[in-house]
>>> print(open('target_24.txt').read())   # compact mmCIF, C-alpha atoms
# COMPACT_ATOMS: atom_id res chain seq x y z
CA MET A 252 1.65 -5.52 -44.50
CA LYS A 253 -1.42 -6.76 -42.68
CA PRO A 254 -1.78 -5.84 -39.03
CA VAL A 255 -1.15 -8.78 -36.72
CA PHE A 256 -3.14 -7.54 -33.76
CA GLY A 257 -6.40 -5.66 -33.37
CA ALA A 258 -6.62 -2.73 -30.95
CA LEU A 259 -7.92 -4.93 -28.12
CA GLY A 260 -5.18 -7.50 -28.65
CA ARG A 261 -2.51 -4.82 -28.66
CA THR A 262 -3.96 -3.28 -25.51
CA LEU A 263 -3.85 -6.65 -23.72
CA LEU A 264 -0.31 -7.24 -24.96
CA VAL A 265 0.92 -3.83 -23.81
CA LEU A 266 -0.72 -4.28 -20.40
CA GLY A 267 0.74 -7.76 -20.02
CA ILE A 268 4.26 -6.66 -20.93
CA ALA A 269 3.95 -3.58 -18.70
CA LEU A 270 2.93 -5.71 -15.71
CA ILE A 271 5.97 -7.94 -16.12
CA VAL A 272 8.26 -4.92 -16.57
CA LEU A 273 6.77 -3.36 -13.43
CA ALA A 274 7.27 -6.55 -11.44
CA VAL A 275 10.92 -6.71 -12.50
CA LEU A 276 11.51 -3.01 -11.80
CA ALA A 277 9.81 -3.21 -8.42
CA TYR A 278 11.88 -6.24 -7.50
CA PHE A 279 15.23 -4.65 -8.30
CA ILE A 280 14.73 -1.04 -7.37
CA LYS A 281 14.62 -0.05 -3.74
CA PRO A 282 11.56 1.84 -2.73
CA THR A 283 12.65 5.29 -1.73
CA ALA A 284 10.28 8.10 -1.28
CA THR A 285 9.57 11.55 -0.16
CA ILE A 286 6.18 12.27 1.16
CA SER A 287 5.11 15.83 1.35
CA THR A 288 2.14 16.64 3.42
CA MET A 289 0.37 19.92 3.71
CA LEU A 290 -0.37 20.69 7.29
CA LYS A 291 -3.14 23.07 8.05
CA SER A 292 -2.50 25.04 11.12
CA LYS A 293 -3.29 28.64 11.87
CA GLU A 294 -1.33 28.46 15.09
CA LEU A 295 1.85 27.73 13.21
CA VAL A 296 1.75 31.11 11.56
CA ASN A 297 2.41 32.68 14.91
CA ASN A 298 4.40 29.87 16.42
CA THR A 299 6.85 28.33 14.04
CA SER A 300 8.68 26.62 16.86
CA ALA A 301 5.83 24.26 17.54
CA GLY A 302 6.67 20.76 18.52
CA VAL A 303 7.42 18.21 15.89
CA VAL A 304 7.90 14.53 15.95
CA VAL A 305 10.08 12.17 14.13
CA VAL A 306 8.97 8.79 13.05
CA ALA A 307 10.58 5.94 11.29
CA SER A 308 9.16 4.24 8.33
CA GLY A 309 10.21 1.61 5.88
CA ASN A 310 7.27 -0.17 4.45
CA ALA A 311 6.07 0.14 0.91
CA GLU A 312 2.58 -0.20 2.30
CA GLY A 313 3.14 2.29 5.07
CA THR A 314 2.61 5.94 5.25
CA VAL A 315 3.15 8.75 7.66
CA LYS A 316 0.22 10.72 8.89
CA ILE A 317 0.82 14.09 10.40
CA GLU A 318 -1.74 16.10 12.24
CA PHE A 319 -1.42 19.25 14.19
CA THR A 320 -2.94 19.00 17.63
CA GLY A 321 -2.21 22.32 19.16
CA LYS A 322 1.12 22.10 20.83
CA TYR A 323 2.30 18.83 19.38
CA TYR A 324 2.34 17.04 16.13
CA VAL A 325 0.87 13.62 16.18
CA VAL A 326 2.53 11.29 13.81
CA ALA A 327 1.16 7.90 13.05
CA TYR A 328 2.94 5.16 11.30
CA ILE A 329 0.95 2.45 9.66
CA ALA A 330 2.64 -0.88 9.37
CA ARG A 331 1.58 -4.30 8.37
CA LYS A 332 0.37 -6.51 11.17
CA GLU A 333 3.31 -8.88 11.17
CA VAL A 334 5.79 -6.10 11.83
CA GLN A 335 4.03 -4.94 14.95
CA GLN A 336 6.50 -6.42 17.41
CA SER A 337 9.56 -5.27 15.52
CA LEU A 338 8.11 -1.86 15.12
CA ALA A 339 7.23 -1.69 18.79
CA ASN A 340 10.83 -2.56 19.64
CA PHE A 341 12.03 0.06 17.28
CA MET A 342 9.73 2.67 18.72
CA THR A 343 10.98 1.80 22.17
CA ARG A 344 14.47 2.54 20.98
CA ILE A 345 13.58 5.94 19.71
CA GLN A 346 11.95 6.81 23.03
CA GLN A 347 15.28 8.33 23.93
CA TYR A 348 14.42 11.18 21.62
CA ASN A 349 11.96 12.60 24.14
CA ILE A 350 8.80 11.21 22.74
CA THR A 351 6.30 12.12 25.39
CA SER A 352 3.62 9.60 24.68
CA MET A 353 2.85 6.73 22.40
CA TYR A 354 -0.14 4.55 21.86
CA THR A 355 -1.03 1.90 19.34
CA ASN A 356 -4.20 0.96 17.64
CA THR A 357 -4.96 -1.83 15.22
CA ASP A 358 -6.98 -1.05 12.16
CA PHE A 359 -8.85 -4.30 11.56
CA ARG A 360 -10.12 -3.25 8.17
CA THR A 361 -6.68 -2.94 6.66
CA GLY A 362 -4.98 -5.32 9.07
CA SER A 363 -2.50 -2.68 9.99
CA LEU A 364 -1.13 -1.20 13.13
CA VAL A 365 -1.30 2.49 13.75
CA MET A 366 1.17 3.94 16.15
CA THR A 367 0.67 7.42 17.36
CA LEU A 368 3.34 9.41 19.05
CA GLN A 369 3.66 12.76 20.62
CA ALA A 370 6.90 14.53 21.20
CA SER A 371 7.93 17.78 22.71
CA TYR A 372 10.76 18.67 20.41
CA LYS A 373 10.89 22.11 19.09
CA ILE A 374 11.88 22.45 15.52
CA ARG A 375 15.09 24.27 16.14
CA GLU A 376 16.20 21.84 18.78
CA LEU A 377 15.38 18.97 16.52
CA LEU A 378 17.30 20.32 13.59
CA ASP A 379 20.25 21.21 15.83
CA LYS A 380 20.26 17.72 17.17
CA TYR A 381 20.35 16.09 13.78
CA ALA A 382 22.48 18.64 12.01
CA ARG A 383 25.55 16.56 12.59
CA VAL A 384 24.02 13.68 10.70
CA LYS A 385 22.52 15.81 7.99
CA ASP A 386 18.97 15.57 9.22
CA SER A 387 18.90 11.84 9.23
CA PHE A 388 20.21 8.95 11.20
CA THR A 389 20.69 5.28 10.57
CA VAL A 390 19.37 2.38 12.52
CA GLU A 391 22.30 0.07 12.42
CA ASP A 392 20.94 -2.70 14.55
CA SER A 393 17.57 -3.16 12.95
CA GLU A 394 15.68 -6.25 13.96
CA LYS A 395 16.67 -9.41 12.18
CA ASP A 396 13.09 -10.49 11.80
CA PHE A 397 11.97 -7.15 10.46
CA PRO A 398 10.64 -7.99 7.02
CA LEU A 399 11.51 -4.59 5.69
CA LYS A 400 14.89 -3.66 6.95
CA ILE A 401 15.01 -0.05 7.95
CA ASN A 402 18.17 1.58 6.71
CA GLU A 403 17.53 5.13 7.44
CA VAL A 404 14.88 6.86 9.34
CA LEU A 405 13.79 10.20 10.16
CA ILE A 406 13.39 13.29 9.10
CA ILE A 407 11.51 16.28 9.25
CA TYR A 408 11.93 19.38 7.27
CA ILE A 409 9.56 22.02 8.38
CA GLN A 410 9.07 24.86 6.01
CA PRO A 411 6.78 27.47 7.49
CA VAL A 412 5.05 29.67 4.97
CA LYS A 413 3.10 32.84 5.50
CA GLN A 414 -0.31 31.36 5.09
CA GLU A 415 -2.13 28.91 7.23
CA TYR A 416 -0.25 26.05 5.65
CA LEU A 417 2.96 24.54 6.74
CA THR A 418 4.71 22.04 4.60
CA ALA A 419 6.45 19.15 6.19
CA PHE A 420 8.61 16.95 4.09
CA VAL A 421 8.98 13.56 5.58
CA SER A 422 11.28 11.31 3.71
CA PHE A 423 12.52 7.87 4.37
CA TYR A 424 14.52 5.19 2.84
CA ALA A 425 13.97 1.50 3.12
CA THR A 426 14.55 -1.77 1.42
CA GLY A 427 12.18 -4.61 0.81
CA LEU A 428 8.90 -5.01 -0.96
CA ALA A 429 6.95 -7.38 1.22
CA SER A 430 3.67 -5.60 0.69
CA VAL A 431 3.79 -5.46 -3.09
CA GLU A 432 2.23 -8.50 -4.68
CA LEU A 433 4.87 -9.05 -7.35
CA PHE A 434 3.72 -12.58 -8.05
CA ASN A 435 0.25 -11.36 -9.04
CA GLY A 436 1.77 -9.00 -11.57
CA ILE A 437 3.89 -11.68 -13.22
CA ILE A 438 1.08 -14.24 -13.40
CA ILE A 439 -1.51 -11.80 -14.71
CA GLY A 440 1.05 -10.30 -17.12
CA ILE A 441 1.84 -13.69 -18.64
CA ALA A 442 -1.88 -14.54 -18.80
CA LEU A 443 -2.59 -11.29 -20.65
CA ILE A 444 0.19 -11.92 -23.16
CA ILE A 445 -1.14 -15.43 -23.88
CA LEU A 446 -4.67 -14.03 -24.16
CA SER A 447 -3.55 -11.37 -26.61
CA ILE A 448 -1.84 -14.00 -28.79
CA LEU A 449 -4.98 -16.15 -28.78
CA TYR A 450 -7.00 -13.07 -29.65
CA ALA A 451 -4.63 -12.26 -32.51
CA VAL A 452 -5.02 -15.78 -33.94
CA LEU A 453 -8.81 -15.57 -33.80
CA TRP A 454 -8.79 -12.01 -35.16
CA ARG A 455 -6.67 -12.94 -38.17
CA ARG A 456 -8.83 -16.00 -38.89
CA LYS A 457 -11.95 -13.82 -38.76
CA ARG A 458 -10.41 -11.24 -41.12
CA ARG A 459 -9.70 -13.94 -43.71
CA MET B 680 -28.43 3.02 -33.25
CA ALA B 681 -27.20 0.13 -35.41
CA LYS B 682 -26.48 2.60 -38.20
CA SER B 683 -23.94 4.32 -35.99
CA TYR B 684 -21.83 1.20 -35.40
CA PRO B 685 -19.81 1.21 -38.66
CA LEU B 686 -18.78 4.81 -38.10
CA LEU B 687 -18.07 4.15 -34.43
CA LEU B 688 -15.88 1.14 -35.19
CA MET B 689 -14.09 2.93 -38.03
CA ASP B 690 -13.31 5.88 -35.80
CA ILE B 691 -12.15 3.64 -32.95
CA GLU B 692 -9.82 1.84 -35.34
CA ASP B 693 -8.48 5.19 -36.48
CA ILE B 694 -7.86 6.53 -33.01
CA LEU B 695 -6.20 3.39 -31.68
CA LYS B 696 -3.81 3.12 -34.61
CA PRO B 697 -0.34 1.78 -33.87
CA PRO B 698 2.34 2.67 -33.02
CA VAL B 699 1.54 5.96 -31.18
CA TYR B 700 -1.24 4.37 -29.15
CA ASP B 701 0.83 1.36 -28.10
CA ILE B 702 3.91 3.40 -27.21
CA LEU B 703 2.06 6.02 -25.18
CA LEU B 704 -0.09 3.40 -23.46
CA GLY B 705 3.00 1.39 -22.54
CA ILE B 706 4.72 4.49 -21.13
CA ALA B 707 1.59 5.49 -19.19
CA VAL B 708 1.14 2.05 -17.62
CA VAL B 709 4.81 1.58 -16.72
CA LEU B 710 5.36 5.09 -15.34
CA GLY B 711 2.01 5.26 -13.56
CA GLY B 712 2.40 1.81 -12.06
CA PHE B 713 6.03 2.42 -11.16
CA ASN B 714 5.16 5.61 -9.30
CA ALA B 715 2.51 3.76 -7.33
CA LEU B 716 4.93 0.96 -6.48
CA ILE B 717 7.90 3.05 -5.51
CA ILE B 718 6.06 5.62 -3.42
CA PRO B 719 4.83 4.07 -0.20
CA VAL B 720 1.10 4.47 -0.28
CA ALA B 721 -1.33 3.20 2.30
CA SER B 722 -4.64 4.61 1.14
CA SER B 723 -6.41 3.81 -2.10
CA VAL B 724 -6.93 7.54 -2.78
CA GLN B 725 -3.20 8.17 -2.51
CA LEU B 726 -2.52 5.13 -4.68
CA ALA B 727 -4.94 6.25 -7.40
CA SER B 728 -3.65 9.81 -7.29
CA THR B 729 -0.03 8.68 -7.62
CA ALA B 730 -0.72 6.15 -10.35
CA THR B 731 -2.62 8.62 -12.53
CA SER B 732 -0.48 11.76 -12.31
CA VAL B 733 1.83 10.88 -15.24
CA PRO B 734 -0.89 9.15 -17.32
CA LEU B 735 -2.99 12.31 -17.03
CA PHE B 736 -0.34 14.26 -18.93
CA ILE B 737 0.12 11.43 -21.45
CA ALA B 738 -3.64 11.32 -22.04
CA LEU B 739 -3.61 15.05 -22.75
CA VAL B 740 -0.78 14.65 -25.27
CA TYR B 741 -2.64 11.77 -26.90
CA ILE B 742 -5.83 13.80 -27.13
CA ALA B 743 -3.94 16.74 -28.66
CA ILE B 744 -2.64 14.33 -31.32
CA ARG B 745 -5.67 12.18 -31.99
CA CYS B 746 -8.49 14.59 -31.16
CA GLY B 747 -7.02 17.99 -32.04
CA ALA B 748 -4.92 16.93 -35.01
CA GLY B 749 -7.10 13.91 -35.83
CA VAL B 750 -10.39 15.75 -36.22
CA ALA B 751 -8.72 18.63 -38.09
CA SER B 752 -7.18 16.03 -40.39
CA LEU B 753 -10.61 14.47 -40.98
CA ILE B 754 -11.85 17.88 -42.09
CA SER B 755 -8.85 18.88 -44.20
CA ASN B 756 -8.81 15.47 -45.96
CA ASN B 757 -12.56 15.67 -46.64
CA ILE B 758 -13.21 12.53 -44.61
CA MET B 759 -15.56 14.51 -42.40
CA GLN B 760 -17.81 14.94 -45.43
CA LEU B 761 -17.91 11.16 -45.68
CA TYR B 762 -18.81 10.97 -41.98
CA LEU B 763 -21.60 13.49 -42.49
CA SER B 764 -22.94 11.49 -45.43
CA TYR B 765 -23.75 8.60 -43.10
CA PRO B 766 -27.50 8.27 -42.55
CA ILE B 767 -27.27 9.39 -38.94
CA SER B 768 -27.83 12.75 -37.35
CA ARG B 769 -25.02 15.25 -36.76
CA LEU B 770 -25.65 14.95 -33.05
CA LYS B 771 -24.86 11.22 -33.17
CA ILE B 772 -21.72 11.87 -35.21
CA LEU B 773 -20.55 14.38 -32.62
CA LEU B 774 -21.34 11.97 -29.78
CA ILE B 775 -19.29 9.33 -31.60
CA LEU B 776 -16.40 11.79 -31.90
CA LEU B 777 -16.68 12.73 -28.23
CA PHE B 778 -16.58 9.07 -27.27
CA THR B 779 -13.86 7.84 -29.59
CA ARG B 780 -11.63 10.91 -29.70
CA ILE B 781 -11.80 11.96 -26.06
CA LEU B 782 -13.53 9.62 -23.63
CA LEU B 783 -12.18 6.27 -24.86
CA PRO B 784 -8.49 7.30 -24.87
CA ILE B 785 -8.91 8.86 -21.42
CA LEU B 786 -10.53 5.75 -19.99
CA ILE B 787 -7.79 3.54 -21.43
CA ILE B 788 -4.73 5.71 -20.72
CA ILE B 789 -5.79 6.66 -17.19
CA GLY B 790 -7.64 3.46 -16.37
CA LEU B 791 -5.00 0.88 -17.29
CA PRO B 792 -2.24 2.30 -15.06
CA LEU B 793 -4.74 2.17 -12.22
CA LEU B 794 -5.53 -1.42 -13.10
CA ALA B 795 -1.81 -2.27 -13.18
CA ALA B 796 -1.24 -0.63 -9.79
CA SER B 797 -4.27 -2.49 -8.41
CA VAL B 798 -2.77 -5.82 -9.46
CA PHE B 799 0.27 -5.16 -7.27
CA LEU B 800 -1.47 -3.39 -4.40
CA SER B 801 -4.90 -4.99 -4.35
CA LYS B 802 -5.30 -4.87 -0.56
CA ILE B 803 -4.83 -1.13 -0.50
CA VAL B 804 -7.35 -0.63 -3.31
CA ALA B 805 -9.85 -2.88 -1.54
CA SER B 806 -9.63 -0.75 1.61
CA ASP B 807 -11.49 2.15 -0.04
CA ILE B 808 -12.89 1.44 -3.49
CA VAL B 809 -15.18 4.48 -3.45
CA GLY B 810 -12.25 6.87 -2.92
CA PHE B 811 -10.29 5.03 -5.60
CA LEU B 812 -13.10 5.47 -8.11
CA ALA B 813 -13.62 9.10 -7.05
CA VAL B 814 -10.00 9.90 -7.96
CA PHE B 815 -10.42 8.10 -11.28
CA GLY B 816 -13.65 10.01 -11.97
CA GLY B 817 -12.00 13.33 -11.14
CA ARG B 818 -9.09 12.64 -13.47
CA VAL B 819 -11.42 11.57 -16.28
CA LEU B 820 -13.60 14.65 -15.90
CA PHE B 821 -10.63 17.03 -15.85
CA THR B 822 -9.04 15.42 -18.92
CA PHE B 823 -12.39 15.41 -20.72
CA PHE B 824 -12.67 19.15 -20.06
CA LEU B 825 -9.29 19.80 -21.71
CA GLY B 826 -10.12 17.31 -24.47
CA ILE B 827 -13.31 19.07 -25.46
CA VAL B 828 -11.39 22.35 -25.70
CA SER B 829 -9.06 20.57 -28.12
CA LEU B 830 -12.04 19.29 -30.13
CA LEU B 831 -13.49 22.79 -30.39
CA PHE B 832 -10.14 24.14 -31.61
CA ALA B 833 -10.05 21.41 -34.27
CA LEU B 834 -13.63 21.98 -35.42
CA SER B 835 -13.25 25.74 -35.62
CA SER B 836 -9.72 25.97 -37.09
CA LYS B 837 -10.02 22.93 -39.41
CA ARG B 838 -6.25 22.90 -39.70
CA VAL B 839 -4.04 20.23 -38.17
CA GLY B 840 -1.12 22.42 -37.09
CA VAL B 841 -3.31 25.15 -35.66
CA ALA B 842 -5.43 22.66 -33.70
CA VAL B 843 -2.39 20.95 -32.14
CA VAL B 844 -0.62 24.20 -31.29
CA LEU B 845 -3.75 25.75 -29.79
CA SER B 846 -4.46 22.61 -27.74
CA ILE B 847 -0.95 22.54 -26.29
CA VAL B 848 -0.79 26.30 -25.74
CA PHE B 849 -4.15 26.20 -23.96
CA TYR B 850 -2.97 23.41 -21.68
CA PHE B 851 0.22 25.23 -20.70
CA ALA B 852 -1.54 28.59 -20.37
CA TYR B 853 -4.11 26.92 -18.13
CA ASN B 854 -1.37 25.51 -15.89
CA ILE B 855 0.49 28.81 -15.80
CA MET B 856 -2.71 30.61 -14.86
CA SER B 857 -3.15 28.23 -11.96
CA GLY B 858 0.45 28.89 -10.89
CA ILE B 859 -0.05 32.64 -11.09
CA PHE B 860 -3.07 32.49 -8.81
CA SER B 861 -1.12 30.32 -6.36
CA ALA B 862 1.70 32.88 -6.37
CA PHE B 863 -0.80 35.71 -5.77
CA SER B 864 -2.18 33.85 -2.78
CA VAL B 865 1.30 33.51 -1.28
CA PHE B 866 2.44 37.07 -1.93
CA LEU B 867 -0.80 38.89 -1.23
CA GLY B 868 -1.96 36.62 1.55
CA GLU B 869 -5.40 36.39 0.01
CA LYS B 870 -7.13 33.01 0.25
CA THR B 871 -9.45 33.62 -2.67
CA TYR B 872 -6.55 33.38 -5.13
CA MET B 873 -5.56 30.06 -3.67
CA TYR B 874 -9.12 28.78 -4.04
CA ILE B 875 -9.19 29.93 -7.67
CA ALA B 876 -5.93 28.06 -8.31
CA GLN B 877 -7.40 25.01 -6.60
CA SER B 878 -10.53 25.22 -8.72
CA LEU B 879 -8.40 25.26 -11.88
CA THR B 880 -6.42 22.19 -10.88
CA PHE B 881 -9.66 20.36 -10.26
CA SER B 882 -8.50 16.75 -10.07
CA ASP B 883 -5.43 17.48 -7.93
CA THR B 884 -7.56 19.48 -5.52
CA LEU B 885 -10.11 16.69 -5.36
CA ASN B 886 -7.36 14.17 -4.57
CA ALA B 887 -5.89 16.41 -1.88
CA TYR B 888 -9.35 16.89 -0.41
CA LEU B 889 -10.03 13.15 -0.37
CA MET B 890 -6.68 12.58 1.33
CA GLY B 891 -7.53 15.20 3.95
CA ALA B 892 -4.61 17.42 2.95
CA THR B 893 -6.77 20.43 2.19
CA GLU B 894 -10.26 21.64 3.02
CA PRO B 895 -11.30 24.10 0.36
CA PRO B 896 -14.81 25.54 0.12
CA LEU B 897 -17.08 23.37 -1.99
CA TRP B 898 -17.41 25.97 -4.74
CA VAL B 899 -13.87 25.18 -5.96
CA PHE B 900 -15.25 21.91 -7.32
CA ILE B 901 -17.88 23.63 -9.43
CA PRO B 902 -16.07 25.58 -12.24
CA VAL B 903 -14.46 22.69 -14.13
CA PRO B 904 -17.55 20.42 -14.24
CA THR B 905 -19.67 23.43 -15.19
CA ALA B 906 -17.23 24.47 -17.92
CA THR B 907 -17.23 20.89 -19.22
CA ILE B 908 -21.02 20.86 -19.53
CA VAL B 909 -21.10 24.30 -21.14
CA LEU B 910 -18.37 23.42 -23.65
CA THR B 911 -20.09 20.13 -24.50
CA VAL B 912 -23.35 21.97 -25.19
CA LEU B 913 -21.49 24.60 -27.21
CA SER B 914 -19.78 21.94 -29.31
CA ILE B 915 -23.14 20.26 -29.95
CA ILE B 916 -24.72 23.56 -31.00
CA TYR B 917 -21.76 24.45 -33.19
CA PHE B 918 -21.47 21.04 -34.84
CA THR B 919 -25.18 20.56 -35.49
CA ARG B 920 -26.01 24.10 -36.65
CA ARG B 921 -22.99 26.00 -37.89
CA PHE B 922 -20.21 23.59 -38.72
CA GLU B 923 -19.22 23.35 -42.39
CA PRO B 924 -16.91 20.43 -43.25
CA THR B 925 -15.01 22.30 -45.96
>>> encode(input="target_24.txt", output="structure tokens")
Amino acid sequence: MKPVFGALGRTLLVLGIALIVLAVLAYFIKPTATISTMLKSKELVNNTSAGVVVVASGNAEGTVKIEFTGKYYVVAYIARKEVQQSLANFMTRIQQYNITSMYTNTDFRTGSLVMTLQASYKIRELLDKYARVKDSFTVEDSEKDFPLKINEVLIIYIQPVKQEYLTAFVSFYATGLASVELFNGIIIGIALIILSILYAVLWRRKRR
Amino acid sequence: MAKSYPLLLMDIEDILKPPVYDILLGIAVVLGGFNALIIPVASSVQLASTATSVPLFIALVYIAIRCGAGVASLISNNIMQLYLSYPISRLKILLILLFTRILLPILIIIGLPLLAASVFLSKIVASDIVGFLAVFGGRVLFTFFLGIVSLLFALSSKRVGVAVVLSIVFYFAYNIMSGIFSAFSVFLGEKTYMYIAQSLTFSDTLNAYLMGATEPPLWVFIPVPTATIVLTVLSIIYFTRRFEPT
């Protein structure tokens, strides 16, 4: 049996099919994630009850940045520009959780909004507070115009270790994929499949 | 240089034979791309790191099969003698093997998942292309290091089974060694062990450093590149001076 495709044709075909499969998977499966961040902080070795902050997330393009700034953690949430207002409303709502300060900054290079918060919660207090909801809570009245509906926010698991590192597991759960360019994947995937078929035709003709 | 092309093309055709290549490439692209899509990433470094973590392992498996077993098979089936009968120097033959058996599969199996992730998250990639390429370079270098170990096992053992087993055992022993040093650093409270573990997991450490998650001393980035250069030189010396294809 003669091979139908050369290596290049097969590579294009596999990539094309994979892009379409990825687009379909990404469309149907909710983006859930756990981000683990290593925090470097010598102070935490001696003071494991340092302040922590809770931040919501829910954007496939977003991330949570955590820095240790002495007494407080500073947590920044990066969101797409169009969710600024909704996010600001949301952040206002969570002010009740004793967030001591908040400021926003727009990153013009990525077109995103960075929100930085400080809170005075101590770890134990925080965990006690959320123990009844298993370390998470749900935003039931999320904004209607929020492109990525936040289902569940929160969350901080602080796991102090002996060394200078402290691991914080920040997890969140959200629905929506506004930031993922699914259409690109489908178009390029189909184009690659067509290209691989054309290549196969030419390749077979050349072999004859 | 033109004399090398037939051998180069023949070896490329051999290493990209279906169906192993197609299946592993498909798995690498789908899993790598899926990881990048499902984990919310905002920086191109994080995106590249996420998209290449599974493909890195798949590339190592592929190299164990096609480089470790493949080169040993060339020797045991006397095809290496045919290679050596080509009117080109042994050095060029080895360079062809290094390219086709190690570098090319790495570039494809690690590069295409990155390409797939970039299609879906192009804005994030565009925000820091240098960091994106740095992660890719780190992954390629680390995989090349393990690949050249596999090639040396194949050239010295000349037996398919031995080459594959040694390649896989080395990979797992290497990972376990890194884990042991990490454990030492936790239990003994000695930073040096942690730095040694970080130096062993070169590409992961580089990614963490680029993401700002760790700040190791610069020397942790030296051992793996140095070992890669040394092993490449050793393989050249061995192949050009001592290697017997029987």
>>> axis_aligned_box(input="target_24.txt", around="range 432-435 of chain A", padding_each_side="8 Å", output="AutoDock Vina command-line options")
--center_x 2.6 --center_y -10.5 --center_z -6.9 --size_x 20.6 --size_y 20.1 --size_z 20.4
>>> interface_residues(input="target_24.txt", of="chain B", to="chain A", cutoff="9 Å", atoms="only C-alpha atoms", output="VMD selection string")
chain B and resid 691 to 692 695 to 697 700 to 702 704 to 706 708 to 710 712 to 713 716 to 722 787 791 to 792 795 to 796 798 to 803 805 to 806 864 to 866 868 to 870 892 to 894
>>> atom_distance(input="target_24.txt", atom1="CA of Ser914 in chain B", atom2="CA of Phe851 in chain B")
22.0 Å
>>> residues_around(input="target_24.txt", residues="Ala813 in chain B", least_positions_apart="5", cutoff="9 Å", atoms="all atoms listed in the file", output="list in words")
Val724, Ile808, Arg818, Leu885, Asn886 and Leu889 of chain B
>>> write_last_selection(input="target_24.txt", atoms="C-alpha atoms", output="short mmCIF file (atom, residue, chain, number, x, y, z; two decimals), in the frame of the given file")
data_model
loop_
_atom_site.label_atom_id
_atom_site.label_comp_id
_atom_site.auth_asym_id
_atom_site.auth_seq_id
_atom_site.Cartn_x
_atom_site.Cartn_y
_atom_site.Cartn_z
CA VAL B 724 -6.93 7.54 -2.78
CA ILE B 808 -12.89 1.44 -3.49
CA ARG B 818 -9.09 12.64 -13.47
CA LEU B 885 -10.11 16.69 -5.36
CA ASN B 886 -7.36 14.17 -4.57
CA LEU B 889 -10.03 13.15 -0.37
#
>>> residues_around(input="target_24.txt", residues="range 764-772 of chain B", least_positions_apart="3", cutoff="9 Å", atoms="only C-alpha atoms", output="PyMOL selection string")
chain B and resi 680+682-683+686-687+759-761+775-777+915-916+918-920
>>> atom_distance(input="target_24.txt", atom1="CA of Met689 in chain B", atom2="CA of Pro924 in chain B")
18.5 Å
>>> atom_distance(input="target_24.txt", atom1="CA of Leu910 in chain B", atom2="CA of Ile742 in chain B")
16.2 Å
>>> residues_around(input="target_24.txt", residues="range 873-880 of chain B", least_positions_apart="5", cutoff="12 Å", atoms="all atoms listed in the file", output="VMD selection string")
(chain A and resid 414 to 416) or (chain B and resid 817 to 818 820 to 822 824 to 825 850 852 to 868 885 to 888 893 to 906)
>>> residues_around(input="target_24.txt", residues="Leu786 in chain B", least_positions_apart="2", cutoff="10 Å", atoms="all atoms listed in the file", output="list in words")
Ala738, Ile781, Leu782, Leu783, Pro784, Ile788, Ile789, Gly790, Leu791, Phe815, Gly816, Arg818, Val819, Thr822 and Phe823 of chain B
>>> residues_around(input="target_24.txt", residues="range 827-844 of chain B", least_positions_apart="2", cutoff="7 Å", atoms="all atoms listed in the file", output="PyMOL selection string")
chain B and resi 743-744+746-748+750-752+754-755+823-825+846-848+910-911+914
